[in-house]
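Please read the structure below before turning to the comments.
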Amino acid sequence: MDLALDLGTAYFRVGELGSDTIHAEPATVAYDKNGQTTAGEMAERLVGRAPQGVSVLHPISAGIVKDFDAAVVLIRHAIASLQGKRMATRPNITVSTPTGITAVEQRAIEEAVREAGAKQVHLFESVIAAAVGARLPVESPRGHLILNLGAGVTEAAVVCLGGIVDSRKSSFGGRNLDEAIAESVRKEHGFLIGIKSAEQLKWNVGEYPDKPTFEVRGRGLSTGLPETLSVSRELVETQVESYSETIVGLLVSALESSPPELVGDFMDSGIVVMGGGTPLHALLDRLQERTEMPILTADEAQTCVIRGLLSSNVGRRRSATGEKASTQLRKGKAYQRVVSRVQGMLPRG
C-alpha cells in the first residue's frame, strides 16, 4: 500500500495511490495524564475546552516535528484513517516538507513516519507538489511564481523546468495570524478570546467587506466575566496588512534572485496562490495592490499539495518498474542543477 501524506500545522491530508479519495482532519493530538490519546477531529473539539489533566497540542509546526511522540500518534491516526484494520503490510509513504528545512529536521520527520508504521519514507518538497497539484506546466521552460499560504509556514518559490530556481519561506502562517489578532484584542481592549474566535474574525473581514465591526465572545480581563465585544475591522485589517508585508518580502527576495527572463514570465502569468490561506480575500487584495501583479487562486487550492504528491507517487512507481516515465522528484533535482548553472550565466536586471 502506497500513501501520500500532507502533514500540515492545522490539517493533515492523506490519500492512497490509485484512488481519488483524500481524507483530511485537524492535525491535533490530545492526551491525558494516564497516557490515553486521541487525534484528529475528536482532539480538535477539545481546543480551548479541554478539562483539567488533558493536554491538546499540534505536534507539527511549519513542517517541523515539535513533539515526536504526539507526531507519531497523529501519523498513526492518518494511516489508520485509510487502512483501517489492514495492517498486514506496512505502507510506503511520501510526505510533503517545506523547502529549506535542515537535515536534522528531515530525519525527525522520517523517523516519526517510520515509527508510525511506514516501511519506506520519501520526502517531497511541498511547493513542487503544490505546483503539480495545481496542474501548472512545471516541466516547461516558462517560469511560475508560487505562493503557498499554510497555517504554520508561508512559502514563495520560483519553479521552472520541473525544479526550484529559488525559494523563500517564513515560519509565520495563518495560525500565527490568528494568534496575532487575539493578542491585539487583548492589548487594545483588555479582552481575552480564543484562537477559534480570532480565526473567525479573520474570515469575517473577508466575507463581509462592508461591515465595520464584528462581535466576539470572550472574557474581560478587568472583570473576569464572560462578555461580548465589538471588534473594529481596522484592528483585524492591521494584522492582515502586517502579514501581507511579510509575504511581499518573501516575493521580492525570490524575484531578486531570479533571472530576468523568468521575471518577465511572472509579469504575464502572475502569482499562483494555493494553500489554506487562499480564502482570505483581504490578504489577496492587499498582495495584488502591493505587487501590482495578477493574483491567481489555484483550483481546489487547499488540496494542491496532496494531489501533487499522489501524482508524483504515480511517477515513482512507474519508474521503479522500469516503465518509460520519470518522477517529479528525480526530475526536479536534475533540472534544478541545470537551472542553477544557467542562472549563473545570465545578466542581472
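Every chain in the C-alpha cells takes a letter, A first, then B, and so on in the order presented; its residues are numbered from 1, and the ligands are numbered from 1 following the presented order.
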- Task: Excluding segment 95-100 of chain A and residues on its chain fewer than 5 positions from it, collect all residues at most 8 Å away from it, counting only C-alpha atoms, and give them as a PyMOL selection string.
- Result: chain A and resi 4-7+62-63+121-127+129+153+155+167-169+305+309
- So which residues touch segment 270-285 of chain A within 6 Å, counting only C-alpha atoms, skipping near sequence neighbours fewer than 5 positions away, as a ChimeraX atom specification? /A:145-150,206,293-298,301-302
Dump of N, CA, C and O atoms for the selected residues, as a tab-separated table (two decimals), in the first residue's frame:
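Written file, selection_21.tsv:
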```tsv
chain	number	residue	atom	x	y	z
A	145	LEU	N	5.63	31.64	-10.49
A	145	LEU	CA	5.85	32.14	-9.14
A	145	LEU	C	4.73	31.60	-8.25
A	145	LEU	O	3.56	31.92	-8.44
A	146	ILE	N	5.12	30.74	-7.30
A	146	ILE	CA	4.17	30.01	-6.46
A	146	ILE	C	4.16	30.62	-5.07
A	146	ILE	O	5.22	30.89	-4.49
A	147	LEU	N	2.97	30.79	-4.51
A	147	LEU	CA	2.83	31.25	-3.14
A	147	LEU	C	1.94	30.26	-2.40
A	147	LEU	O	0.77	30.09	-2.74
A	148	ASN	N	2.52	29.58	-1.42
A	148	ASN	CA	1.79	28.58	-0.64
A	148	ASN	C	1.52	29.14	0.75
A	148	ASN	O	2.44	29.34	1.54
A	149	LEU	N	0.24	29.39	1.05
A	149	LEU	CA	-0.17	30.00	2.31
A	149	LEU	C	-0.62	28.90	3.27
A	149	LEU	O	-1.77	28.46	3.23
A	150	GLY	N	0.28	28.45	4.13
A	150	GLY	CA	-0.05	27.42	5.10
A	150	GLY	C	-0.39	28.01	6.45
A	150	GLY	O	-0.26	29.21	6.69
A	206	GLY	N	-12.97	39.18	5.49
A	206	GLY	CA	-13.03	38.95	4.06
A	206	GLY	C	-14.42	38.67	3.54
A	206	GLY	O	-14.78	39.04	2.42
A	293	MET	N	0.86	42.84	-9.53
A	293	MET	CA	0.88	41.64	-10.38
A	293	MET	C	-0.45	40.91	-10.21
A	293	MET	O	-1.07	40.97	-9.14
A	294	PRO	N	-0.89	40.20	-11.25
A	294	PRO	CA	-2.13	39.42	-11.12
A	294	PRO	C	-1.99	38.35	-10.04
A	294	PRO	O	-0.95	37.70	-9.92
A	295	ILE	N	-3.04	38.16	-9.26
A	295	ILE	CA	-3.08	37.12	-8.24
A	295	ILE	C	-4.09	36.07	-8.69
A	295	ILE	O	-5.28	36.37	-8.83
A	296	LEU	N	-3.63	34.85	-8.92
A	296	LEU	CA	-4.48	33.78	-9.39
A	296	LEU	C	-4.59	32.71	-8.31
A	296	LEU	O	-3.57	32.26	-7.77
A	297	THR	N	-5.80	32.30	-7.98
A	297	THR	CA	-6.01	31.26	-6.98
A	297	THR	C	-6.16	29.92	-7.68
A	297	THR	O	-6.96	29.78	-8.61
A	298	ALA	N	-5.38	28.94	-7.26
A	298	ALA	CA	-5.43	27.61	-7.87
A	298	ALA	C	-6.77	26.95	-7.57
A	298	ALA	O	-7.40	27.21	-6.53
A	301	ALA	N	-7.55	24.89	-4.02
A	301	ALA	CA	-6.25	25.36	-3.52
A	301	ALA	C	-5.77	24.65	-2.26
A	301	ALA	O	-4.57	24.47	-2.08
A	302	GLN	N	-6.69	24.23	-1.41
A	302	GLN	CA	-6.29	23.64	-0.15
A	302	GLN	C	-5.79	22.21	-0.30
A	302	GLN	O	-5.15	21.69	0.62
```
- Query: Between A:Val54, A:Ile247, A:Ile128, A:Met42, which one has atoms that come closest to Ser170 of chain A, using only C-alpha atoms?
  - Reply: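 Using only C-alpha atoms, Ser170 of chain A sits closest to A:Ile247.
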- Return the single residue from A:Thr28, A:Thr223, A:Thr238, A:Ser230 that is closest to Ile75 of chain A, with distances computed using only C-alpha atoms.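 Smallest distance to Ile75 of chain A is found for A:Thr28.
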- Item | Residue list (alpha helix (DSSP H), DSSP) for segment 140-304 of chain A, as number ranges by chain | A: 174-189, 195-207, 233-256, 260-269, 281-291, 304
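Remark: for Gly162 of chain A, the closest of the candidate residues A:Ala131, A:Val231, A:Leu225, A:Ile181 is A:Ala131 (distances computed over only C-alpha atoms).
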